[in-house]
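Trainee: Pasting query.txt here (compact mmCIF, N, CA and C atoms):
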# COMPACT_ATOMS: atom_id res chain seq x y z
N MET A 142 -20.93 96.04 61.34
CA MET A 142 -20.75 97.21 62.17
C MET A 142 -21.91 97.30 63.14
N ASN A 143 -21.62 97.61 64.36
CA ASN A 143 -22.66 97.72 65.38
C ASN A 143 -22.51 99.05 66.10
N PHE A 144 -23.23 100.07 65.63
CA PHE A 144 -23.10 101.39 66.23
C PHE A 144 -23.73 101.45 67.61
N ILE A 145 -24.97 101.12 67.67
CA ILE A 145 -25.76 101.43 68.86
C ILE A 145 -25.39 100.51 70.01
N GLY A 146 -25.12 101.14 71.13
CA GLY A 146 -24.93 100.38 72.36
C GLY A 146 -26.27 100.29 73.07
N GLU A 147 -26.27 99.72 74.21
CA GLU A 147 -27.50 99.66 75.00
C GLU A 147 -27.85 101.07 75.49
N TRP A 148 -29.12 101.34 75.60
CA TRP A 148 -29.56 102.60 76.21
C TRP A 148 -29.33 102.50 77.71
N SER A 149 -28.79 103.54 78.28
CA SER A 149 -28.68 103.60 79.74
C SER A 149 -29.37 104.88 80.19
N GLU A 150 -30.13 104.76 81.28
CA GLU A 150 -30.88 105.90 81.77
C GLU A 150 -29.95 106.81 82.57
N VAL A 151 -29.84 108.08 82.14
CA VAL A 151 -29.00 109.04 82.85
C VAL A 151 -29.84 109.97 83.73
N HIS A 152 -31.13 109.98 83.48
CA HIS A 152 -32.10 110.76 84.25
C HIS A 152 -33.46 110.18 83.86
N PRO A 153 -34.47 110.32 84.70
CA PRO A 153 -35.78 109.79 84.28
C PRO A 153 -36.17 110.32 82.90
N ARG A 154 -36.49 109.42 82.01
CA ARG A 154 -36.92 109.68 80.63
C ARG A 154 -35.82 110.24 79.73
N ILE A 155 -34.57 110.17 80.18
CA ILE A 155 -33.44 110.59 79.35
C ILE A 155 -32.45 109.43 79.29
N LEU A 156 -32.24 108.93 78.07
CA LEU A 156 -31.40 107.76 77.85
C LEU A 156 -30.19 108.14 77.01
N ARG A 157 -29.11 107.41 77.17
CA ARG A 157 -27.89 107.66 76.42
C ARG A 157 -27.38 106.36 75.84
N SER A 158 -26.84 106.45 74.65
CA SER A 158 -26.16 105.33 74.04
C SER A 158 -24.81 105.83 73.54
N VAL A 159 -23.78 105.04 73.76
CA VAL A 159 -22.45 105.39 73.27
C VAL A 159 -22.17 104.50 72.07
N GLY A 160 -21.91 105.14 70.94
CA GLY A 160 -21.69 104.40 69.71
C GLY A 160 -20.23 104.08 69.49
N SER A 161 -19.98 103.10 68.66
CA SER A 161 -18.61 102.74 68.34
C SER A 161 -18.45 102.74 66.82
N PRO A 162 -17.31 102.91 66.28
CA PRO A 162 -16.03 102.94 66.97
C PRO A 162 -15.60 104.33 67.45
N VAL A 163 -16.39 105.38 67.23
CA VAL A 163 -15.94 106.73 67.56
C VAL A 163 -16.36 107.20 68.95
N ASP A 164 -17.07 106.39 69.70
CA ASP A 164 -17.49 106.73 71.06
C ASP A 164 -18.31 108.01 71.14
N VAL A 165 -19.20 108.20 70.19
CA VAL A 165 -20.09 109.36 70.22
C VAL A 165 -21.29 109.06 71.11
N ASN A 166 -21.72 110.04 71.87
CA ASN A 166 -22.92 109.91 72.71
C ASN A 166 -24.14 110.36 71.93
N CYS A 167 -25.17 109.57 71.94
CA CYS A 167 -26.47 109.97 71.40
C CYS A 167 -27.46 109.88 72.56
N VAL A 168 -28.37 110.82 72.60
CA VAL A 168 -29.30 110.93 73.73
C VAL A 168 -30.73 110.84 73.21
N LEU A 169 -31.58 110.20 73.96
CA LEU A 169 -33.00 110.09 73.64
C LEU A 169 -33.80 110.64 74.81
N VAL A 170 -34.62 111.65 74.55
CA VAL A 170 -35.49 112.25 75.57
C VAL A 170 -36.90 111.78 75.27
N LEU A 171 -37.54 111.16 76.23
CA LEU A 171 -38.86 110.56 76.02
C LEU A 171 -39.96 111.46 76.55
N GLY A 172 -40.85 111.87 75.68
CA GLY A 172 -42.06 112.55 76.07
C GLY A 172 -43.22 111.58 75.93
N SER A 173 -44.42 112.03 76.22
CA SER A 173 -45.57 111.13 76.14
C SER A 173 -46.03 110.88 74.70
N GLU A 174 -45.82 111.85 73.80
CA GLU A 174 -46.24 111.69 72.41
C GLU A 174 -45.13 111.88 71.41
N ARG A 175 -44.03 112.47 71.85
CA ARG A 175 -42.88 112.69 70.99
C ARG A 175 -41.62 112.30 71.75
N ALA A 176 -40.61 111.91 70.99
CA ALA A 176 -39.29 111.64 71.56
C ALA A 176 -38.28 112.44 70.78
N LEU A 177 -37.22 112.85 71.44
CA LEU A 177 -36.19 113.66 70.82
C LEU A 177 -34.88 112.89 70.82
N LEU A 178 -34.33 112.69 69.65
CA LEU A 178 -33.03 112.05 69.49
C LEU A 178 -31.99 113.14 69.25
N VAL A 179 -30.96 113.16 70.06
CA VAL A 179 -29.89 114.14 69.92
C VAL A 179 -28.70 113.44 69.24
N ASP A 180 -28.47 113.82 67.99
CA ASP A 180 -27.42 113.32 67.10
C ASP A 180 -27.78 111.96 66.51
N THR A 181 -27.23 111.71 65.30
CA THR A 181 -27.65 110.55 64.51
C THR A 181 -26.52 109.60 64.14
N GLY A 182 -25.32 109.85 64.66
CA GLY A 182 -24.22 108.94 64.39
C GLY A 182 -23.45 109.29 63.12
N SER A 183 -22.59 108.37 62.71
CA SER A 183 -21.56 108.62 61.70
C SER A 183 -21.91 108.23 60.27
N CYS A 184 -22.96 107.45 60.09
CA CYS A 184 -23.29 106.97 58.75
C CYS A 184 -24.76 106.54 58.72
N LEU A 185 -25.22 106.18 57.56
CA LEU A 185 -26.62 105.78 57.41
C LEU A 185 -26.96 104.59 58.31
N ALA A 186 -26.07 103.61 58.40
CA ALA A 186 -26.34 102.45 59.26
C ALA A 186 -26.50 102.87 60.72
N ASP A 187 -25.69 103.84 61.16
CA ASP A 187 -25.83 104.36 62.52
C ASP A 187 -27.20 104.98 62.72
N GLY A 188 -27.58 105.84 61.79
CA GLY A 188 -28.89 106.51 61.89
C GLY A 188 -30.03 105.51 61.91
N GLN A 189 -29.94 104.49 61.07
CA GLN A 189 -30.99 103.47 61.03
C GLN A 189 -31.03 102.67 62.33
N ALA A 190 -29.85 102.32 62.86
CA ALA A 190 -29.80 101.55 64.11
C ALA A 190 -30.36 102.38 65.27
N LEU A 191 -30.02 103.66 65.30
CA LEU A 191 -30.56 104.54 66.34
C LEU A 191 -32.07 104.69 66.21
N GLN A 192 -32.54 104.83 64.98
CA GLN A 192 -33.98 104.95 64.75
C GLN A 192 -34.71 103.71 65.24
N LYS A 193 -34.20 102.55 64.94
CA LYS A 193 -34.82 101.30 65.38
C LYS A 193 -34.78 101.19 66.91
N ALA A 194 -33.62 101.47 67.50
CA ALA A 194 -33.49 101.38 68.96
C ALA A 194 -34.38 102.40 69.66
N ALA A 195 -34.47 103.60 69.11
CA ALA A 195 -35.33 104.63 69.70
C ALA A 195 -36.79 104.21 69.62
N SER A 196 -37.19 103.63 68.50
CA SER A 196 -38.57 103.19 68.34
C SER A 196 -38.92 102.07 69.32
N GLN A 197 -37.96 101.21 69.61
CA GLN A 197 -38.21 100.13 70.56
C GLN A 197 -38.48 100.68 71.96
N VAL A 198 -37.84 101.78 72.30
CA VAL A 198 -38.02 102.39 73.62
C VAL A 198 -39.20 103.36 73.63
N ALA A 199 -39.33 104.15 72.56
CA ALA A 199 -40.34 105.22 72.52
C ALA A 199 -41.69 104.76 71.99
N GLY A 200 -41.76 103.57 71.44
CA GLY A 200 -43.03 103.07 70.92
C GLY A 200 -43.53 103.89 69.75
N GLU A 201 -44.77 104.31 69.83
CA GLU A 201 -45.43 105.03 68.74
C GLU A 201 -45.15 106.53 68.75
N CYS A 202 -44.32 107.00 69.65
CA CYS A 202 -44.02 108.44 69.72
C CYS A 202 -43.41 108.92 68.40
N GLU A 203 -43.79 110.11 68.00
CA GLU A 203 -43.15 110.76 66.87
C GLU A 203 -41.70 111.06 67.26
N LEU A 204 -40.77 110.79 66.36
CA LEU A 204 -39.35 110.99 66.66
C LEU A 204 -38.86 112.27 66.00
N LEU A 205 -38.33 113.18 66.81
CA LEU A 205 -37.72 114.42 66.34
C LEU A 205 -36.21 114.29 66.57
N VAL A 206 -35.43 115.01 65.77
CA VAL A 206 -33.98 114.89 65.82
C VAL A 206 -33.35 116.28 65.93
N VAL A 207 -32.30 116.39 66.73
CA VAL A 207 -31.51 117.61 66.82
C VAL A 207 -30.05 117.23 66.58
N ASN A 208 -29.38 117.98 65.71
CA ASN A 208 -27.94 117.85 65.54
C ASN A 208 -27.25 118.88 66.42
N THR A 209 -26.33 118.43 67.26
CA THR A 209 -25.63 119.38 68.13
C THR A 209 -24.63 120.21 67.37
N HIS A 210 -23.99 119.60 66.37
CA HIS A 210 -23.03 120.33 65.55
C HIS A 210 -22.74 119.49 64.30
N ALA A 211 -21.90 120.03 63.41
CA ALA A 211 -21.75 119.46 62.08
C ALA A 211 -20.62 118.46 61.92
N HIS A 212 -20.06 117.92 62.98
CA HIS A 212 -19.03 116.91 62.81
C HIS A 212 -19.66 115.60 62.34
N TYR A 213 -18.92 114.89 61.48
CA TYR A 213 -19.45 113.69 60.83
C TYR A 213 -20.00 112.68 61.82
N ASP A 214 -19.36 112.52 62.97
CA ASP A 214 -19.78 111.48 63.90
C ASP A 214 -21.08 111.82 64.62
N HIS A 215 -21.56 113.03 64.46
CA HIS A 215 -22.81 113.46 65.09
C HIS A 215 -23.97 113.59 64.10
N CYS A 216 -23.68 113.69 62.79
CA CYS A 216 -24.80 113.97 61.88
C CYS A 216 -24.75 113.28 60.52
N PHE A 217 -23.79 112.39 60.28
CA PHE A 217 -23.80 111.69 59.00
C PHE A 217 -24.85 110.58 58.97
N GLY A 218 -25.55 110.35 60.08
CA GLY A 218 -26.67 109.40 60.10
C GLY A 218 -28.00 110.06 59.78
N ASN A 219 -27.98 111.36 59.45
CA ASN A 219 -29.21 112.10 59.20
C ASN A 219 -30.08 111.52 58.09
N ALA A 220 -29.48 110.85 57.12
CA ALA A 220 -30.25 110.34 55.98
C ALA A 220 -31.30 109.30 56.39
N ALA A 221 -31.21 108.78 57.60
CA ALA A 221 -32.22 107.82 58.08
C ALA A 221 -33.52 108.50 58.49
N TYR A 222 -33.52 109.83 58.49
CA TYR A 222 -34.68 110.60 58.96
C TYR A 222 -35.12 111.58 57.90
N ALA A 223 -36.40 111.91 57.90
CA ALA A 223 -36.89 112.93 56.98
C ALA A 223 -36.28 114.27 57.39
N PRO A 224 -35.75 115.05 56.43
CA PRO A 224 -35.09 116.32 56.78
C PRO A 224 -35.97 117.25 57.62
N GLU A 225 -37.29 117.20 57.41
CA GLU A 225 -38.18 118.09 58.15
C GLU A 225 -38.32 117.70 59.62
N THR A 226 -37.78 116.56 60.02
CA THR A 226 -37.80 116.16 61.43
C THR A 226 -36.48 116.47 62.14
N ILE A 227 -35.53 117.08 61.40
CA ILE A 227 -34.20 117.35 61.94
C ILE A 227 -34.02 118.86 62.16
N TRP A 228 -33.57 119.23 63.36
CA TRP A 228 -33.26 120.63 63.69
C TRP A 228 -31.77 120.76 63.92
N GLY A 229 -31.23 121.91 63.55
CA GLY A 229 -29.83 122.24 63.83
C GLY A 229 -29.64 123.73 63.72
N SER A 230 -28.62 124.23 64.37
CA SER A 230 -28.36 125.67 64.30
C SER A 230 -28.01 126.06 62.87
N VAL A 231 -28.15 127.36 62.58
CA VAL A 231 -27.79 127.83 61.24
C VAL A 231 -26.32 127.52 60.97
N GLY A 232 -25.47 127.63 61.99
CA GLY A 232 -24.06 127.29 61.83
C GLY A 232 -23.87 125.82 61.51
N CYS A 233 -24.63 124.96 62.16
CA CYS A 233 -24.54 123.52 61.92
C CYS A 233 -24.94 123.21 60.47
N ALA A 234 -26.07 123.73 60.04
CA ALA A 234 -26.55 123.47 58.68
C ALA A 234 -25.57 124.00 57.64
N ASP A 235 -25.11 125.23 57.82
CA ASP A 235 -24.18 125.84 56.86
C ASP A 235 -22.85 125.09 56.85
N ASP A 236 -22.34 124.74 58.02
CA ASP A 236 -21.06 124.05 58.11
C ASP A 236 -21.14 122.66 57.48
N LEU A 237 -22.23 121.96 57.72
CA LEU A 237 -22.38 120.62 57.14
C LEU A 237 -22.44 120.70 55.62
N ALA A 238 -23.19 121.68 55.11
CA ALA A 238 -23.28 121.84 53.66
C ALA A 238 -21.92 122.22 53.06
N ALA A 239 -21.16 123.05 53.76
CA ALA A 239 -19.88 123.53 53.24
C ALA A 239 -18.75 122.52 53.42
N SER A 240 -18.75 121.79 54.56
CA SER A 240 -17.59 120.95 54.88
C SER A 240 -17.88 119.46 54.84
N GLY A 241 -19.10 119.07 54.56
CA GLY A 241 -19.45 117.65 54.62
C GLY A 241 -18.57 116.75 53.77
N GLU A 242 -18.35 117.14 52.53
CA GLU A 242 -17.54 116.31 51.64
C GLU A 242 -16.09 116.23 52.12
N THR A 243 -15.56 117.35 52.59
CA THR A 243 -14.19 117.35 53.11
C THR A 243 -14.09 116.49 54.36
N GLN A 244 -15.07 116.61 55.25
CA GLN A 244 -15.09 115.76 56.45
C GLN A 244 -15.12 114.29 56.08
N ARG A 245 -15.94 113.97 55.08
CA ARG A 245 -16.06 112.57 54.64
C ARG A 245 -14.69 112.06 54.18
N GLU A 246 -14.01 112.82 53.31
CA GLU A 246 -12.71 112.40 52.79
C GLU A 246 -11.71 112.20 53.92
N MET A 247 -11.67 113.13 54.87
CA MET A 247 -10.72 113.03 55.98
C MET A 247 -11.06 111.84 56.89
N ALA A 248 -12.34 111.62 57.17
CA ALA A 248 -12.74 110.52 58.03
C ALA A 248 -12.46 109.17 57.37
N VAL A 249 -12.74 109.06 56.08
CA VAL A 249 -12.46 107.81 55.37
C VAL A 249 -10.96 107.53 55.42
N ALA A 250 -10.14 108.55 55.17
CA ALA A 250 -8.69 108.37 55.22
C ALA A 250 -8.24 107.95 56.62
N GLU A 251 -8.85 108.54 57.64
CA GLU A 251 -8.48 108.23 59.02
C GLU A 251 -8.82 106.80 59.41
N TRP A 252 -9.96 106.29 58.95
CA TRP A 252 -10.45 104.99 59.40
C TRP A 252 -10.12 103.82 58.47
N THR A 253 -9.61 104.08 57.26
CA THR A 253 -9.41 103.01 56.29
C THR A 253 -8.50 101.89 56.81
N ALA A 254 -7.40 102.24 57.44
CA ALA A 254 -6.47 101.21 57.91
C ALA A 254 -7.00 100.44 59.11
N SER A 255 -7.60 101.16 60.07
CA SER A 255 -8.00 100.49 61.32
C SER A 255 -9.37 99.85 61.27
N ASP A 256 -10.27 100.38 60.46
CA ASP A 256 -11.64 99.83 60.39
C ASP A 256 -12.20 100.06 58.99
N PRO A 257 -11.79 99.23 58.03
CA PRO A 257 -12.20 99.45 56.64
C PRO A 257 -13.72 99.38 56.41
N LEU A 258 -14.44 98.57 57.19
CA LEU A 258 -15.90 98.52 57.03
C LEU A 258 -16.54 99.85 57.45
N PHE A 259 -16.06 100.40 58.55
CA PHE A 259 -16.55 101.70 59.01
C PHE A 259 -16.19 102.78 58.00
N ALA A 260 -14.96 102.74 57.48
CA ALA A 260 -14.54 103.71 56.48
C ALA A 260 -15.44 103.64 55.24
N ALA A 261 -15.79 102.44 54.83
CA ALA A 261 -16.68 102.29 53.67
C ALA A 261 -18.07 102.86 53.95
N ALA A 262 -18.57 102.63 55.17
CA ALA A 262 -19.88 103.18 55.54
C ALA A 262 -19.84 104.70 55.57
N LEU A 263 -18.75 105.26 56.07
CA LEU A 263 -18.59 106.72 56.05
C LEU A 263 -18.56 107.24 54.61
N GLY A 264 -17.84 106.55 53.76
CA GLY A 264 -17.72 106.97 52.36
C GLY A 264 -19.03 106.96 51.61
N ALA A 265 -19.95 106.11 52.04
CA ALA A 265 -21.25 106.00 51.38
C ALA A 265 -22.34 106.82 52.05
N ALA A 266 -22.02 107.47 53.16
CA ALA A 266 -23.05 108.20 53.92
C ALA A 266 -23.55 109.42 53.16
N PRO A 267 -24.86 109.50 52.90
CA PRO A 267 -25.40 110.72 52.30
C PRO A 267 -25.28 111.87 53.31
N ILE A 268 -24.93 113.04 52.82
CA ILE A 268 -24.81 114.20 53.69
C ILE A 268 -26.13 114.98 53.61
N VAL A 269 -26.86 114.98 54.73
CA VAL A 269 -28.18 115.60 54.80
C VAL A 269 -28.18 116.65 55.91
N PRO A 270 -28.15 117.93 55.53
CA PRO A 270 -28.22 118.98 56.56
C PRO A 270 -29.59 119.00 57.23
N PRO A 271 -29.66 119.56 58.43
CA PRO A 271 -30.97 119.68 59.10
C PRO A 271 -31.96 120.43 58.22
N GLY A 272 -33.19 119.95 58.21
CA GLY A 272 -34.24 120.61 57.43
C GLY A 272 -34.82 121.83 58.13
N ASN A 273 -34.60 121.94 59.43
CA ASN A 273 -35.10 123.07 60.22
C ASN A 273 -33.90 123.78 60.84
N VAL A 274 -33.75 125.05 60.47
CA VAL A 274 -32.62 125.83 60.95
C VAL A 274 -33.04 126.67 62.15
N VAL A 275 -32.24 126.58 63.21
CA VAL A 275 -32.51 127.33 64.43
C VAL A 275 -31.57 128.54 64.45
N ARG A 276 -32.16 129.72 64.52
CA ARG A 276 -31.35 130.94 64.48
C ARG A 276 -30.98 131.45 65.87
N GLU A 277 -31.83 131.28 66.84
CA GLU A 277 -31.52 131.77 68.19
C GLU A 277 -31.73 130.69 69.24
N SER A 278 -32.94 130.26 69.44
CA SER A 278 -33.21 129.20 70.40
C SER A 278 -34.39 128.37 69.90
N LEU A 279 -34.56 127.24 70.50
CA LEU A 279 -35.60 126.31 70.07
C LEU A 279 -36.16 125.61 71.30
N THR A 280 -37.47 125.50 71.35
CA THR A 280 -38.12 124.67 72.35
C THR A 280 -39.00 123.68 71.61
N LEU A 281 -38.75 122.40 71.80
CA LEU A 281 -39.56 121.36 71.18
C LEU A 281 -40.51 120.79 72.21
N ASP A 282 -41.77 120.78 71.86
CA ASP A 282 -42.82 120.28 72.75
C ASP A 282 -42.94 118.77 72.57
N LEU A 283 -42.60 118.02 73.59
CA LEU A 283 -42.72 116.57 73.55
C LEU A 283 -44.03 116.10 74.18
N ARG A 284 -44.90 117.03 74.41
CA ARG A 284 -46.26 116.95 74.97
C ARG A 284 -46.28 117.09 76.48
N ASP A 285 -45.63 116.23 77.22
CA ASP A 285 -45.66 116.39 78.68
C ASP A 285 -44.36 116.98 79.22
N CYS A 286 -43.45 117.30 78.31
CA CYS A 286 -42.22 118.00 78.70
C CYS A 286 -41.72 118.77 77.48
N ARG A 287 -40.82 119.67 77.72
CA ARG A 287 -40.24 120.46 76.65
C ARG A 287 -38.73 120.30 76.64
N ALA A 288 -38.17 120.30 75.47
CA ALA A 288 -36.71 120.27 75.31
C ALA A 288 -36.29 121.61 74.73
N GLN A 289 -35.36 122.25 75.39
CA GLN A 289 -34.93 123.57 74.91
C GLN A 289 -33.46 123.53 74.55
Can you turn what I pasted into structure tokens?

Mentor:
Amino acid sequence: MNFIGEWSEVHPRILRSVGSPVDVNCVLVLGSERALLVDTGSCLADGQALQKAASQVAGECELLVVNTHAHYDHCFGNAAYAPETIWGSVGCADDLAASGETQREMAVAEWTASDPLFAAALGAAPIVPPGNVVRESLTLDLRDCRAQ
């Protein structure tokens, strides 16, 4: 399975990768001392591949993660990161905790016939909610820029 595509620059210091087979967009925002990864993919292998690819681009920058929402294709790769480095809305965290297992079952059923290796990776993905819950808004300091 090969989740991570090539990074493409969509704006200075903002890169995007489109993962397969679900065509999810993951974004990397580069600061001088920290980098922000938006979404972690569909399974542990996705999260690990994104972490490696982000490190190749961001170098020694500390990597922070934000989950946009609780759908499996955006946050089942969270297990590749320490929970305290992951931010998500209270709705995202609650929804992932409440629906993660159901999402996993439905996604595995959906992908088993067309991509059994991907279905197996989904089935084995640890469900890790964000360790930092955002109740209203969040600004992350990447040192020379801020992500809000």

Trainee: With a distance cut-off of 12 Å and only C-alpha atoms, select the neighbouring residues of region 256-258 of chain A, excluding the residue or stretch itself and same-chain residues fewer than 4 positions from it, and output the selection as a list in words.

Mentor: Met142, Asn143, Ser161, Pro162, Val163, Cys184, Ala186, Ala248, Val249, Ala250, Glu251, Trp252, Ala262, Leu263, Gly264 and Ala265 of chain A

Trainee: Would you mind listing what lies within 6.5 Å of Ser173 (chain A) as JSON, numbers by chain, with only N, CA and C atoms counted and same-chain residues fewer than 6 positions away left out?

Mentor: {"A": [202, 283, 284, 285, 286]}

Trainee: Show me, as a list in words, the residues that have an atom within 6.5 Å of Thr226 (chain A) when counting only N, CA and C atoms, minus same-chain residues fewer than 4 positions from it.

Mentor: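 My reading of the contact set: Leu204, Leu205, Val206, Val207, Tyr222, Gly272 and Asn273 of chain A.
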
Trainee: Write the residues you've just listed into a file as a compact mmCIF listing (two decimals), keeping the file's coordinate frame, and include N, CA and C atoms for each of them.

Mentor:
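again.txt, freshly written:
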# COMPACT_ATOMS: atom_id res chain seq x y z
N LEU A 204 -40.77 110.79 66.36
CA LEU A 204 -39.35 110.99 66.66
C LEU A 204 -38.86 112.27 66.00
N LEU A 205 -38.33 113.18 66.81
CA LEU A 205 -37.72 114.42 66.34
C LEU A 205 -36.21 114.29 66.57
N VAL A 206 -35.43 115.01 65.77
CA VAL A 206 -33.98 114.89 65.82
C VAL A 206 -33.35 116.28 65.93
N VAL A 207 -32.30 116.39 66.73
CA VAL A 207 -31.51 117.61 66.82
C VAL A 207 -30.05 117.23 66.58
N TYR A 222 -33.52 109.83 58.49
CA TYR A 222 -34.68 110.60 58.96
C TYR A 222 -35.12 111.58 57.90
N GLY A 272 -33.19 119.95 58.21
CA GLY A 272 -34.24 120.61 57.43
C GLY A 272 -34.82 121.83 58.13
N ASN A 273 -34.60 121.94 59.43
CA ASN A 273 -35.10 123.07 60.22
C ASN A 273 -33.90 123.78 60.84

Trainee: Any idea what the distance is between atom C of Ser183 (chain A) and CA of Glu277 (chain A)?

Mentor: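 Separation of atom C of Ser183 (chain A) and CA of Glu277 (chain A): 26.6 Å.
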
Trainee: Just the number, please: distance in Å from CA of Gly160 (chain A) to CA of Gln289 (chain A), one decimal.

Mentor: 23.9 Å

Trainee: List as a list of chain:residue names the protein and nucleic acid residues near Leu156 (chain A), meaning an atom at most 5 Å away when all atoms listed in the file are counted, but skip any in the same chain fewer than 5 places from it.

Mentor: A:Ser149, A:Glu150, A:Val151, A:Val168, A:Leu169

Trainee: Given only C-alpha atoms as the basis, pick out the residue of A:Ile268, A:Leu185, A:Leu191, A:Ala261 nearest to Gln244 (chain A).

Mentor: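 For Gln244 (chain A), the nearest of the candidates is A:Ile268.
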
Trainee: Enumerate, as an MDAnalysis selection string, the protein, DNA and RNA residues whose atoms approach (-21.0, 109.5, 63.7) to within 7 Å, taking into account all atoms listed in the file and the coordinate frame of the file.

Mentor: chainID A and resid 163 165 181:184 212:218

Trainee: Give the helix (DSSP H, G or I) residues of region 191-270 of chain A, as DSSP finds them on the backbone, and put them as a count of residues only.

Mentor: 50

Trainee: Ranking A:Lys193, A:Arg276, A:Arg245, A:Arg154 by minimum distance to Gly172 (chain A) and counting all atoms listed in the file, which one comes first?

Mentor: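 Closest candidate: A:Arg154.
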
Trainee: Do you have the CA of Gln197 (chain A)-CA of Cys167 (chain A) distance handy?

Mentor: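 Spanning CA of Gln197 (chain A) to CA of Cys167 (chain A) is a straight-line distance of 15.3 Å.
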
Trainee: Region 177-183 of chain A, all listed atoms, 8 Å padding on each side: what axis-aligned box centre and edge lengths in Å to one decimal come out, as JSON?

Mentor:
{"center_x": -29.4, "center_y": 111.2, "center_z": 65.9, "size_x": 31.7, "size_y": 21.9, "size_z": 27.2}

Trainee: Could you check the closest approach to Ser196 (chain A) for each of A:Ile155, A:Cys233, A:Leu178, A:Ala288 and tell me which residue wins, using only C-alpha atoms?

Mentor: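 That would be A:Leu178, the residue with the smallest distance to Ser196 (chain A).
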
Trainee: Name all residues at most 7 Å from Pro270 (chain A) (count all atoms listed in the file; drop same-chain ones fewer than 4 positions away) and give them as a ChimeraX atom specification.

Mentor: /A:219,224,227,233-234,237-238

Trainee: Please report, as a CSV table (one decimal) with N, CA and C atoms, in the frame of the given file, each residue of region 180-275 of chain A to which DSSP assigns strand (DSSP E or B) when run on this structure's backbone.

Mentor:
chain,number,residue,atom,x,y,z
A,203,GLU,N,-43.8,110.1,68.0
A,203,GLU,CA,-43.2,110.8,66.9
A,203,GLU,C,-41.7,111.1,67.3
A,204,LEU,N,-40.8,110.8,66.4
A,204,LEU,CA,-39.4,111.0,66.7
A,204,LEU,C,-38.9,112.3,66.0
A,205,LEU,N,-38.3,113.2,66.8
A,205,LEU,CA,-37.7,114.4,66.3
A,205,LEU,C,-36.2,114.3,66.6
A,206,VAL,N,-35.4,115.0,65.8
A,206,VAL,CA,-34.0,114.9,65.8
A,206,VAL,C,-33.4,116.3,65.9
A,207,VAL,N,-32.3,116.4,66.7
A,207,VAL,CA,-31.5,117.6,66.8
A,207,VAL,C,-30.0,117.2,66.6
A,227,ILE,N,-35.5,117.1,61.4
A,227,ILE,CA,-34.2,117.4,61.9
A,227,ILE,C,-34.0,118.9,62.2
A,228,TRP,N,-33.6,119.2,63.4
A,228,TRP,CA,-33.3,120.6,63.7
A,228,TRP,C,-31.8,120.8,63.9
A,229,GLY,N,-31.2,121.9,63.6
A,229,GLY,CA,-29.8,122.2,63.8
A,229,GLY,C,-29.6,123.7,63.7
A,230,SER,N,-28.6,124.2,64.4
A,230,SER,CA,-28.4,125.7,64.3
A,230,SER,C,-28.0,126.1,62.9
A,273,ASN,N,-34.6,121.9,59.4
A,273,ASN,CA,-35.1,123.1,60.2
A,273,ASN,C,-33.9,123.8,60.8
A,274,VAL,N,-33.8,125.0,60.5
A,274,VAL,CA,-32.6,125.8,61.0
A,274,VAL,C,-33.0,126.7,62.2
A,275,VAL,N,-32.2,126.6,63.2
A,275,VAL,CA,-32.5,127.3,64.4
A,275,VAL,C,-31.6,128.5,64.4

Trainee: Just checking: using all atoms listed in the file, which residue out of A:Met247, A:Val269, A:Val170, A:Ala223 ends up closest to Arg157 (chain A)?

Mentor: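 Checking each candidate against Arg157 (chain A), we get A:Val170 as the closest.
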